[in-house]
Each structure stands twice: as structure tokens, then as C-alpha cells.
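Data first, discussion second: the structure below is written as C-alpha cells.
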Amino acid sequence: MRVTRNFMSAMLGIGGKSTVSQGRRMSRLQASGAERFLNASKTNQAGSNKTVYQNMKNSAGQVQYVASELTKTGEDSVFAKAKESGDTSGITKKVREFVNNYNGMVRSLKSSGSRVDNSYLNQLNSNAMMCRSALQATGVTRNSDGTLSVNEKTLKGASLEQLEKAWGSGSSSFAVKTGAAAENVQENAVSGMNNLINNSYSSLLKNFGSRGNYFNFWS
């Protein structure tokens, strides 16, 4: 026990040191613990933000892809094939995919909560409101939280003309408007991820330089 007490005394500066010196040492230990706690909190927050931006990037990319499939023209387009066969199942399948990825994009934007991402949410909501009648004719409605819902019966019963108005290549279609908006969302998500990486790297360099300790570099 004597060895243990002597060791602890040496660590804390007890014995041969003034009370003021002991207090300063304890203050430094407490400050170091608080700093590590704050660093851990920042790391957890950065990880959470990274996940949000990653999900946003992926869902926005998928919205663009499905929108491009729906708005493609030519003999191989889903609308050209539907006109030839009279079967709209290829179109309705794409509409479901679009809605699922659109909802993921909206949820990621809401989770971010940044001013820029809120502006994108407002743009998406505005597009949905402008295309409300065309969307409803194909069984797609906007929910109060900004996501979309699909009525399968109405979607399957929608005419080719109704589907093309909401999801085709026309400049006023919801697919065209949202595909363009999703491109901006994806670019912003990539920018957000890059900022997180740069900030984390700068923080690590700062800690390394100020403390001069290799192990503190990773704390």
C-alpha cells in the first residue's frame, strides 16, 4: 500500500509540492478530461453528420437515375414501350422506385437541418405542390412531412397520358423538376462530407501540434 500511495503522490504532486501546485495539477487533469469528453462528442456528431450526408448523396443519386429512366425518350424508353405494348407496369415500377428514393432524400434533408438543405426541402415541396393534380391522378400524394405516398390501385389504373404528364419528359413534369433538384442536393451532400473530412483533419493536426504527443493526436 505504501508503494501505491507513493506512486499516486508522485503522479498528483503530493509530498514536496505546495497545495497550490497540487491544485494546478488537478486542474490540468480535469481540463484534460473535459477536453477529451468534448472531442469525443465532436467525433460522434461528425460521424452522425457523415451518415446523414452519405444517405443524402445516395438517395439523391438514385432519384436522378430513376428520373432519367422515366424521362428518357426514344424507342427504348419506358413510355415508348408502354405505347407499343399497352402495358404500363414498367412505368409504375419506376414510379415506386422514384417515390422510395425521394422519401429517403427528404428524410436526410430534414435530418441535416442546415439552412441550405432546408431551402432544398422548400424547393421539393414547391415542386410537389405545383404538380399536385398530375401526381394525384397517378396515385401519388404528398404527406404533411414532405414525403410521398402511393395509392397502388390509382397508380395501376392511371392512363398512359396521366402517367406521362406527371412522370414523362415534359418540362413541367414532376420527374423532370425533381431530377434537377436532386442533382443540387447530391452536390451539396458531397460538399458537406468534404467539409467534415477537412474539419476533422484540421482538428487532428491542431491537437498534434499543440500537445506534441503522438498518442494525443488520435484522442
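Residue numbering restarts at 1 in every chain; chains get A, B, ... in the order shown in the C-alpha cells, and ligands count up from 1 in that same order.
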Practice task
Quick one: everything within 12 Å of stretch 148-153 of chain A, counting only C-alpha atoms, minus sequence neighbours fewer than 2 positions away in the same chain. Send it as a ChimeraX atom specification.
Solution key: /A:89,92-93,95-107,124-125,128-129,132,135-146,155-158
Exercise for the section: Mind listing the strand (DSSP E or B) residues of stretch 78-202 of chain A, per DSSP on the backbone, as an NGL selection string? Expected result: :A and (140-142 or 148-150)
Handout entry: For stretch 171-178 of chain A: contacts at 8 Å, only C-alpha atoms, fewer than 4 positions along chain excluded, given as a ChimeraX atom specification
Key = /A:63-64,67,70-71,124,127-128,131,135,164-167,182
Practice task
Can you check which residues of stretch 81-206 of chain A DSSP gives as alpha helix (DSSP H) on the backbone and send them as an MDAnalysis selection string?
Solution key: chainID A and resid 81:85 89:112 115:130 132:137 152:157 160:167 174:206
Handout entry: One-decimal distance in Å that lies between atom CA of A:Ala189 and atom CA of A:Tyr53
Key =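 Atom CA of A:Tyr53 sits 5.0 Å away from atom CA of A:Ala189.
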Handout entry: Surrounding residues of A:Val78 excluding itself and chain neighbours under 2 positions, 8 Å, only C-alpha atoms, as a PyMOL selection string
Key = chain A and resi 69-70+72+76+80-82+90-91
Restricting it to C-alpha atoms, dump the selection as a PDB file, in the first residue's frame.
ATOM      1  CA  GLU A  69     -35.151   6.473 -66.827  1.00  0.00           C
ATOM      2  CA  LEU A  70     -38.665   7.916 -66.680  1.00  0.00           C
ATOM      3  CA  LYS A  72     -35.770   9.224 -71.405  1.00  0.00           C
ATOM      4  CA  ASP A  76     -36.092   2.165 -75.732  1.00  0.00           C
ATOM      5  CA  ALA A  80     -42.349   4.205 -75.909  1.00  0.00           C
ATOM      6  CA  LYS A  81     -42.515   0.560 -74.834  1.00  0.00           C
ATOM      7  CA  ALA A  82     -45.767   1.167 -72.965  1.00  0.00           C
ATOM      8  CA  GLY A  90     -42.670  -0.716 -66.484  1.00  0.00           C
ATOM      9  CA  ILE A  91     -43.604   2.887 -65.779  1.00  0.00           C
TER      10      ILE A  91
END
Handout entry: Coordinates-based distance that separates atom CA of A:Asn188 from atom CA of A:Arg115 (Å, one decimal)
Key =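 Interatomic distance here is 11.6 Å.
Reported to one decimal place, the separation of atom CA of A:Ser133 from atom CA of A:Gln162 is 10.0 Å.
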Exercise for the section: Compare A:Ser108, A:Asn198, A:Ser169, A:Thr154 by their minimum atom-to-atom distance to A:Val185, counting only C-alpha atoms, and give me the closest one. Expected result: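 Of the candidates, the smallest distance to A:Val185 is held by A:Ser108.
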Practice task
Choose the residue, out of A:Met130, A:Ala180, A:Val66, A:Met56, that has the smallest atom-to-atom separation from A:Lys94; count only C-alpha atoms.
Solution key: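 Of the candidates, the smallest distance to A:Lys94 is held by A:Val66.
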